[in-house]
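Dropping model14.cif in here (mmCIF, C-alpha atoms and all ligand atoms):
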```
data_my_file
#
loop_
_atom_site.label_atom_id
_atom_site.label_comp_id
_atom_site.auth_asym_id
_atom_site.auth_seq_id
_atom_site.Cartn_x
_atom_site.Cartn_y
_atom_site.Cartn_z
CA MET A 18 0.00 0.00 0.00
CA LYS A 19 1.39 3.39 -1.01
CA ILE A 20 1.08 6.07 1.67
CA LEU A 21 1.85 9.70 0.91
CA CYS A 22 2.70 11.74 4.04
CA VAL A 23 2.47 15.50 3.59
CA VAL A 24 4.23 18.14 5.72
CA GLY A 25 4.21 21.90 5.23
CA THR A 26 5.18 23.78 8.38
CA ARG A 27 7.38 23.23 11.44
CA PRO A 28 4.68 21.77 13.73
CA GLU A 29 3.45 19.41 11.01
CA ALA A 30 6.97 18.05 10.55
CA ILE A 31 7.40 17.58 14.32
CA LYS A 32 4.07 15.78 14.65
CA MET A 33 4.33 13.73 11.43
CA ALA A 34 7.97 12.67 11.94
CA PRO A 35 7.15 9.86 14.42
CA VAL A 36 4.31 8.70 12.13
CA ILE A 37 6.58 8.66 9.05
CA LEU A 38 9.31 6.76 10.93
CA ALA A 39 6.80 4.23 12.26
CA LEU A 40 5.23 3.70 8.81
CA GLN A 41 8.69 3.26 7.24
CA ALA A 42 9.31 0.33 9.60
CA VAL A 43 6.38 -1.62 8.12
CA PRO A 44 7.49 -3.64 5.06
CA GLN A 45 4.02 -3.74 3.46
CA PHE A 46 3.95 0.08 3.23
CA GLU A 47 5.59 2.13 0.52
CA VAL A 48 6.00 5.49 2.24
CA ARG A 49 6.46 8.69 0.24
CA VAL A 50 7.08 12.06 1.87
CA LEU A 51 5.84 15.27 0.26
CA ALA A 52 7.09 18.60 1.64
CA THR A 53 4.95 21.51 0.47
CA ALA A 54 7.53 23.73 2.19
CA GLN A 55 4.88 26.24 3.23
CA HIS A 56 7.69 26.92 5.73
CA ARG A 57 11.21 26.63 4.37
CA HIS A 58 13.97 26.84 6.97
CA MET A 59 11.72 25.92 9.91
CA LEU A 60 10.54 22.79 8.09
CA ASP A 61 13.98 21.73 6.89
CA GLN A 62 15.58 21.83 10.32
CA VAL A 63 12.94 19.47 11.76
CA LEU A 64 13.16 17.01 8.86
CA ASN A 65 16.97 17.02 9.17
CA PHE A 66 16.78 16.35 12.88
CA PHE A 67 14.55 13.30 12.36
CA GLY A 68 16.56 12.10 9.33
CA ILE A 69 13.63 12.40 6.91
CA THR A 70 14.33 13.34 3.28
CA PRO A 71 11.27 14.41 1.27
CA ASP A 72 10.70 12.51 -1.99
CA ILE A 73 8.90 15.55 -3.43
CA ASP A 74 9.42 19.20 -2.48
CA LEU A 75 7.03 21.90 -3.77
CA ASN A 76 9.12 24.77 -2.35
CA ILE A 77 5.91 26.82 -1.97
CA MET A 78 6.99 29.44 0.60
CA ARG A 79 7.22 33.08 -0.47
CA PRO A 80 8.13 35.97 1.85
CA ASN A 81 5.05 37.33 3.65
CA GLN A 82 2.73 35.05 1.64
CA THR A 83 -1.02 35.75 1.65
CA LEU A 84 -3.55 33.06 2.52
CA SER A 85 -5.25 33.25 -0.89
CA ALA A 86 -2.07 32.99 -2.94
CA LEU A 87 -0.71 30.22 -0.71
CA THR A 88 -3.96 28.24 -0.97
CA ALA A 89 -4.22 28.63 -4.75
CA ARG A 90 -0.62 27.61 -5.41
CA LEU A 91 -0.83 24.65 -3.04
CA LEU A 92 -4.02 23.30 -4.58
CA LEU A 93 -2.64 23.45 -8.12
CA GLU A 94 0.61 21.74 -7.16
CA LEU A 95 -1.05 19.09 -4.99
CA GLY A 96 -3.42 18.11 -7.79
CA GLY A 97 -0.41 17.41 -10.00
CA VAL A 98 1.32 15.34 -7.31
CA LEU A 99 -1.76 13.17 -6.68
CA GLU A 100 -2.10 12.55 -10.43
CA ALA A 101 1.53 11.51 -10.72
CA GLU A 102 1.91 9.55 -7.47
CA LYS A 103 -1.47 7.80 -7.30
CA PRO A 104 -1.20 7.03 -3.56
CA ASP A 105 -3.63 4.63 -1.87
CA VAL A 106 -3.72 6.79 1.27
CA VAL A 107 -2.67 10.36 2.11
CA LEU A 108 -1.89 11.54 5.65
CA ALA A 109 -1.45 15.09 6.94
CA GLN A 110 -1.53 16.64 10.39
CA GLY A 111 -3.24 19.62 11.97
CA ASP A 112 -4.87 22.80 10.73
CA THR A 113 -2.56 24.73 8.43
CA THR A 114 -3.29 25.83 4.88
CA THR A 115 -1.21 22.86 3.69
CA VAL A 116 -3.52 20.42 5.51
CA MET A 117 -6.75 22.07 4.33
CA THR A 118 -5.61 22.03 0.70
CA VAL A 119 -4.33 18.44 0.95
CA ALA A 120 -7.75 17.32 2.21
CA LEU A 121 -9.47 19.16 -0.63
CA ALA A 122 -7.09 17.85 -3.29
CA CYS A 123 -7.63 14.30 -1.99
CA PHE A 124 -11.39 14.81 -2.19
CA TYR A 125 -11.14 16.01 -5.80
CA HIS A 126 -8.86 13.09 -6.73
CA ARG A 127 -10.85 10.53 -4.72
CA VAL A 128 -7.93 9.45 -2.53
CA PRO A 129 -8.76 8.52 1.09
CA PHE A 130 -7.31 11.11 3.46
CA GLY A 131 -6.28 10.43 7.07
CA HIS A 132 -6.35 13.45 9.36
CA VAL A 133 -3.80 13.34 12.18
CA GLU A 134 -4.74 15.52 15.18
CA ALA A 135 -8.41 15.49 14.22
CA GLY A 136 -11.31 17.03 16.10
CA LEU A 137 -9.71 20.05 17.78
CA ARG A 138 -12.27 22.86 17.90
CA THR A 139 -12.88 26.20 19.56
CA GLY A 140 -16.31 26.46 17.95
CA ASP A 141 -15.47 29.99 16.75
CA ILE A 142 -14.70 29.99 13.03
CA ASN A 143 -12.66 33.23 13.41
CA ASN A 144 -10.46 31.96 16.25
CA PRO A 145 -7.83 30.84 15.67
CA PHE A 146 -7.72 32.36 12.18
CA PRO A 147 -7.61 30.63 9.74
CA GLU A 148 -6.91 27.36 11.57
CA GLU A 149 -10.44 26.66 12.89
CA ALA A 150 -11.82 26.79 9.32
CA ASN A 151 -8.90 24.71 8.03
CA ARG A 152 -9.51 21.88 10.48
CA VAL A 153 -13.29 21.94 10.03
CA ILE A 154 -12.79 21.56 6.26
CA ALA A 155 -10.13 18.85 6.66
CA GLY A 156 -12.38 17.02 9.13
CA ARG A 157 -15.38 17.17 6.79
CA LEU A 158 -13.33 15.52 4.03
CA ALA A 159 -11.32 12.96 6.00
CA HIS A 160 -11.76 9.19 5.79
CA TRP A 161 -9.89 8.47 9.06
CA HIS A 162 -9.91 10.87 12.03
CA PHE A 163 -6.93 10.29 14.34
CA ALA A 164 -8.14 12.24 17.35
CA PRO A 165 -5.68 12.97 20.17
CA THR A 166 -8.17 12.92 23.06
CA GLU A 167 -11.70 11.86 24.00
CA SER A 168 -12.82 15.48 23.90
CA SER A 169 -11.67 15.77 20.28
CA ARG A 170 -13.62 12.59 19.52
CA ALA A 171 -16.69 14.20 21.12
CA ASN A 172 -16.27 17.29 18.90
CA LEU A 173 -16.28 15.07 15.81
CA LEU A 174 -19.31 13.09 16.96
CA ARG A 175 -21.17 16.40 17.40
CA GLU A 176 -20.42 17.09 13.72
CA ASN A 177 -21.97 13.71 12.81
CA VAL A 178 -18.70 11.95 12.00
CA ALA A 179 -19.28 8.19 12.38
CA ASN A 180 -17.67 6.79 15.55
CA ALA A 181 -16.16 3.96 13.49
CA GLU A 182 -14.08 6.51 11.55
CA ILE A 183 -12.62 8.07 14.74
CA PHE A 184 -9.54 6.62 16.46
CA VAL A 185 -8.36 8.17 19.71
CA THR A 186 -4.60 7.78 19.48
CA GLY A 187 -3.06 10.48 21.65
CA ASN A 188 -1.09 13.29 20.06
CA THR A 189 2.02 12.37 18.12
CA VAL A 190 3.68 15.51 19.53
CA ILE A 191 4.35 13.47 22.69
CA ASP A 192 5.93 10.66 20.61
CA ALA A 193 8.31 13.27 19.16
CA LEU A 194 8.94 14.82 22.57
CA LEU A 195 9.85 11.48 24.15
CA MET A 196 12.20 10.74 21.23
CA THR A 197 13.96 14.07 21.87
CA ALA A 198 13.72 15.18 25.49
CA GLN A 199 16.22 12.66 26.93
CA ARG A 200 18.99 13.83 24.60
CA ASP A 201 21.53 16.22 26.09
CA ILE A 202 21.34 19.12 23.63
CA GLU A 203 22.55 22.70 24.11
CA ILE A 204 20.13 25.62 23.64
CA GLY A 205 22.87 27.40 21.70
CA VAL A 206 22.03 30.87 23.04
CA GLN A 207 24.15 32.73 25.63
CA LEU A 208 22.01 33.00 28.79
CA ASP A 209 22.57 34.33 32.32
CA ASP A 210 22.28 31.19 34.47
CA SER A 211 21.75 33.26 37.65
CA LYS A 212 18.34 34.37 36.37
CA ARG A 213 15.10 32.41 36.07
CA LEU A 214 14.32 31.78 32.40
CA VAL A 215 10.96 32.76 30.91
CA LEU A 216 10.56 31.31 27.40
CA ILE A 217 8.38 33.18 24.90
CA THR A 218 6.87 32.35 21.47
CA SER A 219 4.06 34.11 19.60
CA HIS A 220 2.79 33.88 16.03
CA ARG A 221 -1.03 33.80 15.81
CA ARG A 222 -2.54 35.77 12.93
CA GLU A 223 -5.55 36.92 14.97
CA ASN A 224 -3.11 38.70 17.32
CA PHE A 225 -1.36 40.68 14.56
CA GLY A 226 -1.49 44.46 15.07
CA GLU A 227 -2.64 45.97 18.37
CA PRO A 228 -3.04 42.66 20.31
CA PHE A 229 0.55 41.72 19.48
CA ARG A 230 1.76 45.19 20.51
CA ASN A 231 -0.06 44.65 23.87
CA ILE A 232 1.82 41.38 24.27
CA CYS A 233 5.15 43.14 23.63
CA ARG A 234 4.25 45.95 26.09
CA ALA A 235 3.48 43.32 28.74
CA LEU A 236 6.78 41.52 28.11
CA ARG A 237 8.64 44.86 28.42
CA SER A 238 6.93 45.63 31.73
CA LEU A 239 7.49 42.10 33.06
CA ALA A 240 11.20 42.29 32.25
CA GLY A 241 11.50 45.85 33.66
CA ARG A 242 9.81 44.95 36.98
CA ASN A 243 11.83 41.73 37.47
CA PRO A 244 15.56 42.21 36.92
CA ASP A 245 16.10 38.71 38.42
CA ILE A 246 14.50 37.01 35.38
CA GLN A 247 15.59 36.65 31.77
CA LEU A 248 13.15 36.40 28.88
CA LEU A 249 14.23 34.29 25.91
CA TYR A 250 11.97 35.05 22.96
CA ALA A 251 12.37 32.78 19.89
CA VAL A 252 10.90 35.16 17.32
CA HIS A 253 8.77 33.70 14.51
CA PRO A 254 10.02 34.84 11.05
CA ASN A 255 6.61 36.09 9.89
CA PRO A 256 7.30 39.82 9.23
CA ASN A 257 4.09 40.79 11.12
CA VAL A 258 5.72 39.36 14.24
CA LYS A 259 9.43 39.77 13.68
CA ASP A 260 9.48 43.46 12.76
CA VAL A 261 7.26 44.49 15.70
CA ALA A 262 9.05 42.29 18.25
CA HIS A 263 12.44 43.69 17.31
CA ALA A 264 11.20 47.29 17.24
CA MET A 265 9.54 47.02 20.67
CA LEU A 266 11.83 44.69 22.64
CA SER A 267 15.37 44.74 21.34
CA ASP A 268 16.55 47.48 23.76
CA CYS A 269 15.54 45.59 26.97
CA ASP A 270 18.56 44.33 28.93
CA ASN A 271 16.95 41.13 30.18
CA ILE A 272 15.09 40.17 26.99
CA VAL A 273 17.03 38.01 24.53
CA LEU A 274 15.51 37.92 21.06
CA CYS A 275 16.68 35.01 18.93
CA GLU A 276 15.81 33.32 15.65
CA PRO A 277 13.43 30.33 15.88
CA LEU A 278 15.31 27.63 17.74
CA ASP A 279 15.81 24.26 16.10
CA TYR A 280 13.47 21.66 17.59
CA ALA A 281 15.86 19.89 19.98
CA PRO A 282 17.40 23.15 21.31
CA PHE A 283 13.85 24.48 21.78
CA ILE A 284 12.96 21.42 23.87
CA ALA A 285 16.16 22.04 25.87
CA ALA A 286 15.04 25.66 26.41
CA MET A 287 11.62 24.45 27.60
CA LYS A 288 13.30 22.07 30.05
CA LYS A 289 15.52 24.87 31.40
CA SER A 290 12.69 27.41 31.67
CA TYR A 291 10.87 28.42 34.84
CA MET A 292 7.70 29.14 32.88
CA ILE A 293 6.53 29.70 29.30
CA ILE A 294 4.42 32.45 27.73
CA SER A 295 3.16 31.40 24.30
CA ASP A 296 0.29 31.21 21.84
CA SER A 297 1.60 28.01 20.25
CA GLY A 298 -0.59 24.93 19.98
CA GLY A 299 2.32 22.50 20.20
CA VAL A 300 3.84 24.23 23.21
CA GLN A 301 0.52 23.91 25.09
CA GLU A 302 0.81 20.15 24.59
CA GLU A 303 4.53 19.70 25.32
CA ALA A 304 4.99 21.98 28.33
CA PRO A 305 2.62 20.13 30.71
CA ALA A 306 4.50 16.89 30.00
CA LEU A 307 7.73 18.68 30.98
CA GLY A 308 6.12 20.15 34.12
CA LYS A 309 6.32 23.76 32.90
CA PRO A 310 3.46 26.24 33.47
CA VAL A 311 2.20 27.96 30.31
CA LEU A 312 0.40 31.29 30.07
CA VAL A 313 -1.41 31.22 26.72
CA LEU A 314 -1.64 34.51 24.81
CA ARG A 315 -5.17 33.73 23.59
CA ASP A 316 -8.72 34.07 24.94
CA GLU A 317 -9.76 30.53 24.00
CA THR A 318 -8.11 27.23 23.14
CA GLU A 319 -8.95 24.06 21.22
CA ARG A 320 -6.80 22.26 23.79
CA PRO A 321 -8.97 22.48 26.94
CA GLU A 322 -7.53 19.42 28.69
CA ALA A 323 -4.46 21.12 30.20
CA VAL A 324 -6.49 24.20 31.16
CA ASP A 325 -8.99 21.95 32.96
CA MET A 326 -6.10 20.27 34.79
CA GLY A 327 -4.86 23.69 35.92
CA VAL A 328 -1.42 23.51 34.29
CA VAL A 329 -2.11 25.94 31.42
CA LYS A 330 -3.83 29.31 31.87
CA LEU A 331 -5.42 31.56 29.21
CA VAL A 332 -4.34 35.19 29.60
CA GLY A 333 -5.23 36.51 26.13
CA PRO A 334 -3.23 39.20 24.40
CA ASN A 335 -4.21 41.27 27.44
CA TYR A 336 -1.58 43.53 29.06
CA GLU A 337 -2.92 43.37 32.63
CA ARG A 338 -3.67 39.63 32.64
CA ILE A 339 -0.29 38.68 31.23
CA LEU A 340 1.48 40.77 33.86
CA GLU A 341 -0.72 39.70 36.76
CA GLU A 342 -0.51 35.96 36.07
CA ALA A 343 3.20 36.00 35.22
CA GLN A 344 3.97 37.95 38.40
CA ARG A 345 1.90 35.48 40.44
CA LEU A 346 3.94 32.58 39.08
CA LEU A 347 7.18 34.41 39.85
CA ASP A 348 6.21 35.38 43.43
CA ASP A 349 3.80 32.74 44.73
CA ARG A 350 5.49 29.37 45.20
CA SER A 351 2.29 27.41 45.82
CA ALA A 352 0.57 28.90 42.75
CA TYR A 353 3.65 27.95 40.75
CA GLU A 354 3.80 24.40 42.09
CA ALA A 355 0.12 23.85 41.33
CA MET A 356 0.87 24.56 37.66
CA ALA A 357 4.23 22.77 37.44
CA ARG A 358 2.97 19.28 38.22
CA GLY A 359 4.10 17.32 35.17
CA VAL A 360 1.03 15.74 33.55
CA SER A 361 0.50 14.58 29.98
CA PRO A 362 -3.13 14.84 28.93
CA TYR A 363 -2.20 14.74 25.23
CA GLY A 364 -0.45 11.42 24.86
CA ASP A 365 1.72 8.57 26.12
CA GLY A 366 4.22 8.37 23.25
CA ASP A 367 2.47 5.58 21.33
CA ALA A 368 0.13 7.61 19.11
CA SER A 369 2.05 6.82 15.91
CA GLN A 370 1.90 3.08 16.56
CA ARG A 371 -1.88 3.31 16.96
CA ILE A 372 -2.15 5.11 13.61
CA VAL A 373 0.04 2.47 11.94
CA LYS A 374 -2.19 -0.28 13.33
CA VAL A 375 -5.34 1.29 11.86
CA LEU A 376 -3.69 1.56 8.44
CA GLN A 377 -2.39 -2.03 8.63
CA GLU A 378 -5.92 -3.24 9.28
CA PHE A 379 -7.10 -1.24 6.26
CA ALA A 380 -4.31 -2.67 4.07
CA ASN A 381 -5.11 -6.24 5.15
CA ARG A 382 -8.82 -5.95 4.42
C1 LIG A 401 1.71 28.85 9.81
C2 LIG A 401 0.30 28.29 9.91
C3 LIG A 401 -0.14 28.22 11.36
C4 LIG A 401 0.87 27.47 12.21
C5 LIG A 401 2.25 28.09 12.01
C6 LIG A 401 3.31 27.29 12.74
C7 LIG A 401 -1.28 28.76 8.09
C8 LIG A 401 -2.17 29.77 7.47
N1 LIG A 401 -0.63 29.16 9.20
O1 LIG A 401 1.68 30.19 10.24
O2 LIG A 401 -1.40 27.56 11.45
O3 LIG A 401 0.48 27.54 13.56
O4 LIG A 401 2.59 28.09 10.62
O5 LIG A 401 4.49 28.03 12.89
O6 LIG A 401 -1.19 27.66 7.60
N2 LIG A 401 8.67 32.32 7.14
C9 LIG A 401 10.03 32.28 6.86
N3 LIG A 401 10.69 31.08 7.03
C10 LIG A 401 10.09 29.96 7.45
C11 LIG A 401 8.72 30.03 7.75
C12 LIG A 401 8.03 31.19 7.58
O7 LIG A 401 10.62 33.27 6.47
O8 LIG A 401 10.75 28.92 7.58
C13 LIG A 401 7.94 33.61 6.96
C14 LIG A 401 7.67 33.91 5.47
O9 LIG A 401 7.75 35.29 5.26
C15 LIG A 401 6.22 33.42 5.30
C16 LIG A 401 5.66 33.86 6.64
O10 LIG A 401 6.67 33.56 7.60
O11 LIG A 401 5.55 34.00 4.19
C17 LIG A 401 4.34 33.24 7.03
O12 LIG A 401 4.38 31.81 6.88
P1 LIG A 401 2.96 31.02 6.84
O13 LIG A 401 3.22 29.57 6.82
O14 LIG A 401 2.06 31.58 5.80
O15 LIG A 401 2.27 31.44 8.20
P2 LIG A 401 2.74 31.26 9.70
O16 LIG A 401 2.44 32.53 10.40
O17 LIG A 401 4.11 30.71 9.75
N1 LIG A 402 9.33 25.04 18.34
C1 LIG A 402 10.64 24.97 17.85
N2 LIG A 402 11.39 26.12 17.87
C2 LIG A 402 10.92 27.31 18.31
C3 LIG A 402 9.57 27.36 18.78
C4 LIG A 402 8.80 26.21 18.77
O1 LIG A 402 11.11 23.92 17.44
O2 LIG A 402 11.67 28.30 18.31
C5 LIG A 402 8.51 23.81 18.29
C6 LIG A 402 7.77 23.45 19.56
O3 LIG A 402 8.52 22.55 20.35
C7 LIG A 402 6.48 22.81 19.04
C8 LIG A 402 6.27 23.42 17.69
O4 LIG A 402 7.50 24.05 17.33
O5 LIG A 402 6.63 21.41 18.86
C9 LIG A 402 5.17 24.42 17.69
O6 LIG A 402 5.15 25.10 16.49
P1 LIG A 402 4.46 26.52 16.32
O7 LIG A 402 4.34 27.20 17.63
O8 LIG A 402 5.20 27.21 15.23
O9 LIG A 402 3.03 26.14 15.72
P2 LIG A 402 1.64 25.69 16.39
O10 LIG A 402 1.90 24.51 17.26
O11 LIG A 402 1.09 26.86 17.11
O12 LIG A 402 0.82 25.36 15.19
#
```
Just dump the structure as structure tokens.
Amino acid sequence: MKILCVVGTRPEAIKMAPVILALQAVPQFEVRVLATAQHRHMLDQVLNFFGITPDIDLNIMRPNQTLSALTARLLLELGGVLEAEKPDVVLAQGDTTTVMTVALACFYHRVPFGHVEAGLRTGDINNPFPEEANRVIAGRLAHWHFAPTESSRANLLRENVANAEIFVTGNTVIDALLMTAQRDIEIGVQLDDSKRLVLITSHRRENFGEPFRNICRALRSLAGRNPDIQLLYAVHPNPNVKDVAHAMLSDCDNIVLCEPLDYAPFIAAMKKSYMIISDSGGVQEEAPALGKPVLVLRDETERPEAVDMGVVKLVGPNYERILEEAQRLLDDRSAYEAMARGVSPYGDGDASQRIVKVLQEFANR
């Protein structure tokens, strides 16, 4: 059986890598890897780390690409690949433009599509933008729904997806984390070890503009009020983020702005951190497993499990809430310990094996 695995951005590569490696170990599968390269450098570094070489590379990324142009170019290219490759099954992960267009191209070409990380929902089509729409579309078109948790299964059942098409596997992000976290890897950034480390990432489109400036103002104030901490901010290369972050934060003594960290150094930075402030989906899943509190720079999340367990807190792109909750974690030991418990609601490290098993059963039918 020929399985085409598609990756476009950094988080897709991280979450598909364990699946690709597990599929490659099964002799009855012919595994092909397609990189759309919606991200370029950030995708390449992950694939290199996991030793995965794409068989096909669409090299789609353009500087500051728009959603419409990206979607149109992806759909055209993907149609051609499906015609040429004729896969029996296509797999893609998550809620990016790559995944939405892959699902649509598979529908047009009548190829069964397996959606990894299926069923995440906020219920608000505008938040996160455009990811909620992307995953709703991918979910509507998928043949297999590999849902990470029972609550994502419940979301799919509410949308009338048949229970027999849903497989609760855990999130493959934890498979990747367990493959990586034990390794002794340097962060590769000069840090002041006498200071507590606060790790920052931010890239959501719905925060662009004033909300993102609020986030930067809050980070400035947090750093100014607490000379005993150091903020390490791995700045996303999207110009809407990068230009503003550098303009607003580069003159603060205890804020270090760096390029996106490679995956393993980023995990090392998470392990070293005291707490994390982020709007990343993947970070919300990884940090609880590493026992690190996360303040999420959003008002809602499609990942409610860690919030319900009290180890992740939503603070929005809101100046006062960011400062108040970050200061509480810095000053109040018991509040900190309640959030730094080390729980893993998103997986046990075997999600990829469960996906492989489902596809083996399909191949053997
Ligand atoms: C994309 C996804 C988002 C995901 C995020 C993960 C869409 C619409 N958005 O957002 O869901 O959470 O990736 O990081 O699918 N760039 C580079 N080098 C890179 C990568 C990006 O320079 O390696 C710059 C380019 O100018 C590019 C821009 O970032 O045009 C935006 O990239 P894009 O993939 O469109 O959106 P992201 O904000 O990265
Ligand atoms: N990550 C990384 N380097 C960084 C920041 C994040 O390797 O500088 C990893 C992180 O460990 C997680 C993933 O990238 O697995 C999250 O990607 P991102 O935040 O870009 O996207 P999202 O998860 O929000 O879609």
Residue nearest Glu341 (chain A) among A:Val311, A:Ala198, A:Ile37, A:Ala235 (counting all atoms listed in the file)
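Nearest candidate to Glu341 (chain A) out of A:Val311, A:Ala198, A:Ile37, A:Ala235: A:Ala235.
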Mind dumping a table of every chain A residue within 9 Å of ligand LIG 402 (chain A), with the nearest atom pair and its distance in Å to one decimal, using only C-alpha atoms and all ligand atoms, sorted by chain and rising number, as a tab-separated table?
```
residue	atom	partner	partner_atom	distance
A:Thr26	CA	A:LIG402	O8	7.7
A:Arg27	CA	A:LIG402	O6	5.8
A:Pro28	CA	A:LIG402	O6	4.4
A:Glu29	CA	A:LIG402	O12	7.7
A:Ala30	CA	A:LIG402	C8	9.0
A:Ile31	CA	A:LIG402	O5	6.0
A:Lys32	CA	A:LIG402	O5	7.5
A:Met59	CA	A:LIG402	O1	7.8
A:Gln62	CA	A:LIG402	O1	8.7
A:Val63	CA	A:LIG402	O1	7.4
A:Gly111	CA	A:LIG402	O12	7.7
A:Asp112	CA	A:LIG402	O12	7.7
A:Thr113	CA	A:LIG402	O12	7.6
A:Glu148	CA	A:LIG402	O12	8.8
A:Val190	CA	A:LIG402	O5	6.6
A:Ala193	CA	A:LIG402	O5	8.3
A:Leu194	CA	A:LIG402	O5	7.9
A:Ile217	CA	A:LIG402	C3	8.5
A:Thr218	CA	A:LIG402	C3	6.3
A:Ser219	CA	A:LIG402	O7	7.2
A:His220	CA	A:LIG402	O7	7.0
A:Arg221	CA	A:LIG402	O11	7.4
A:Tyr250	CA	A:LIG402	O2	8.2
A:Ala251	CA	A:LIG402	O2	4.8
A:Val252	CA	A:LIG402	O2	7.0
A:His253	CA	A:LIG402	O2	7.2
A:Cys275	CA	A:LIG402	O2	8.4
A:Glu276	CA	A:LIG402	O2	7.0
A:Pro277	CA	A:LIG402	O2	3.6
A:Leu278	CA	A:LIG402	O2	3.7
A:Asp279	CA	A:LIG402	O1	4.9
A:Tyr280	CA	A:LIG402	O1	3.3
A:Ala281	CA	A:LIG402	O1	6.7
A:Pro282	CA	A:LIG402	O1	7.4
A:Phe283	CA	A:LIG402	N2	4.9
A:Ile284	CA	A:LIG402	O3	5.8
A:Met287	CA	A:LIG402	O3	8.1
A:Ser295	CA	A:LIG402	O7	8.0
A:Asp296	CA	A:LIG402	O11	6.5
A:Ser297	CA	A:LIG402	O11	3.4
A:Gly298	CA	A:LIG402	O10	3.7
A:Gly299	CA	A:LIG402	O10	3.6
A:Val300	CA	A:LIG402	C7	5.1
A:Gln301	CA	A:LIG402	O10	8.0
A:Glu302	CA	A:LIG402	O5	8.3
A:Glu303	CA	A:LIG402	O3	7.0
A:Ala304	CA	A:LIG402	O3	8.7
```
Once you have the residues from the selection above, write them out as a PDB file, in the coordinates of the input, restricted to C-alpha atoms.
```pdb
ATOM      1  CA  THR A  26       5.180  23.780   8.380  1.00  0.00           C
ATOM      2  CA  ARG A  27       7.380  23.230  11.440  1.00  0.00           C
ATOM      3  CA  PRO A  28       4.680  21.770  13.730  1.00  0.00           C
ATOM      4  CA  GLU A  29       3.450  19.410  11.010  1.00  0.00           C
ATOM      5  CA  ALA A  30       6.970  18.050  10.550  1.00  0.00           C
ATOM      6  CA  ILE A  31       7.400  17.580  14.320  1.00  0.00           C
ATOM      7  CA  LYS A  32       4.070  15.780  14.650  1.00  0.00           C
ATOM      8  CA  MET A  59      11.720  25.920   9.910  1.00  0.00           C
ATOM      9  CA  GLN A  62      15.580  21.830  10.320  1.00  0.00           C
ATOM     10  CA  VAL A  63      12.940  19.470  11.760  1.00  0.00           C
ATOM     11  CA  GLY A 111      -3.240  19.620  11.970  1.00  0.00           C
ATOM     12  CA  ASP A 112      -4.870  22.800  10.730  1.00  0.00           C
ATOM     13  CA  THR A 113      -2.560  24.730   8.430  1.00  0.00           C
ATOM     14  CA  GLU A 148      -6.910  27.360  11.570  1.00  0.00           C
ATOM     15  CA  VAL A 190       3.680  15.510  19.530  1.00  0.00           C
ATOM     16  CA  ALA A 193       8.310  13.270  19.160  1.00  0.00           C
ATOM     17  CA  LEU A 194       8.940  14.820  22.570  1.00  0.00           C
ATOM     18  CA  ILE A 217       8.380  33.180  24.900  1.00  0.00           C
ATOM     19  CA  THR A 218       6.870  32.350  21.470  1.00  0.00           C
ATOM     20  CA  SER A 219       4.060  34.110  19.600  1.00  0.00           C
ATOM     21  CA  HIS A 220       2.790  33.880  16.030  1.00  0.00           C
ATOM     22  CA  ARG A 221      -1.030  33.800  15.810  1.00  0.00           C
ATOM     23  CA  TYR A 250      11.970  35.050  22.960  1.00  0.00           C
ATOM     24  CA  ALA A 251      12.370  32.780  19.890  1.00  0.00           C
ATOM     25  CA  VAL A 252      10.900  35.160  17.320  1.00  0.00           C
ATOM     26  CA  HIS A 253       8.770  33.700  14.510  1.00  0.00           C
ATOM     27  CA  CYS A 275      16.680  35.010  18.930  1.00  0.00           C
ATOM     28  CA  GLU A 276      15.810  33.320  15.650  1.00  0.00           C
ATOM     29  CA  PRO A 277      13.430  30.330  15.880  1.00  0.00           C
ATOM     30  CA  LEU A 278      15.310  27.630  17.740  1.00  0.00           C
ATOM     31  CA  ASP A 279      15.810  24.260  16.100  1.00  0.00           C
ATOM     32  CA  TYR A 280      13.470  21.660  17.590  1.00  0.00           C
ATOM     33  CA  ALA A 281      15.860  19.890  19.980  1.00  0.00           C
ATOM     34  CA  PRO A 282      17.400  23.150  21.310  1.00  0.00           C
ATOM     35  CA  PHE A 283      13.850  24.480  21.780  1.00  0.00           C
ATOM     36  CA  ILE A 284      12.960  21.420  23.870  1.00  0.00           C
ATOM     37  CA  MET A 287      11.620  24.450  27.600  1.00  0.00           C
ATOM     38  CA  SER A 295       3.160  31.400  24.300  1.00  0.00           C
ATOM     39  CA  ASP A 296       0.290  31.210  21.840  1.00  0.00           C
ATOM     40  CA  SER A 297       1.600  28.010  20.250  1.00  0.00           C
ATOM     41  CA  GLY A 298      -0.590  24.930  19.980  1.00  0.00           C
ATOM     42  CA  GLY A 299       2.320  22.500  20.200  1.00  0.00           C
ATOM     43  CA  VAL A 300       3.840  24.230  23.210  1.00  0.00           C
ATOM     44  CA  GLN A 301       0.520  23.910  25.090  1.00  0.00           C
ATOM     45  CA  GLU A 302       0.810  20.150  24.590  1.00  0.00           C
ATOM     46  CA  GLU A 303       4.530  19.700  25.320  1.00  0.00           C
ATOM     47  CA  ALA A 304       4.990  21.980  28.330  1.00  0.00           C
TER      48      ALA A 304
END
```
Quick one: distance from CA of Thr88 (chain A) to CA of Ile372 (chain A) in Å, one decimal?
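Between CA of Thr88 (chain A) and CA of Ile372 (chain A) the gap works out to 27.4 Å.
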Just need the box for region 135-138 of chain A, edges along x, y and z, holding every atom the file lists for it with 6 Å tacked onto each side, so centre and edge lengths in Å to one decimal, as JSON.
```
{"center_x": -10.3, "center_y": 19.2, "center_z": 16.1, "size_x": 15.9, "size_y": 19.4, "size_z": 15.7}
```
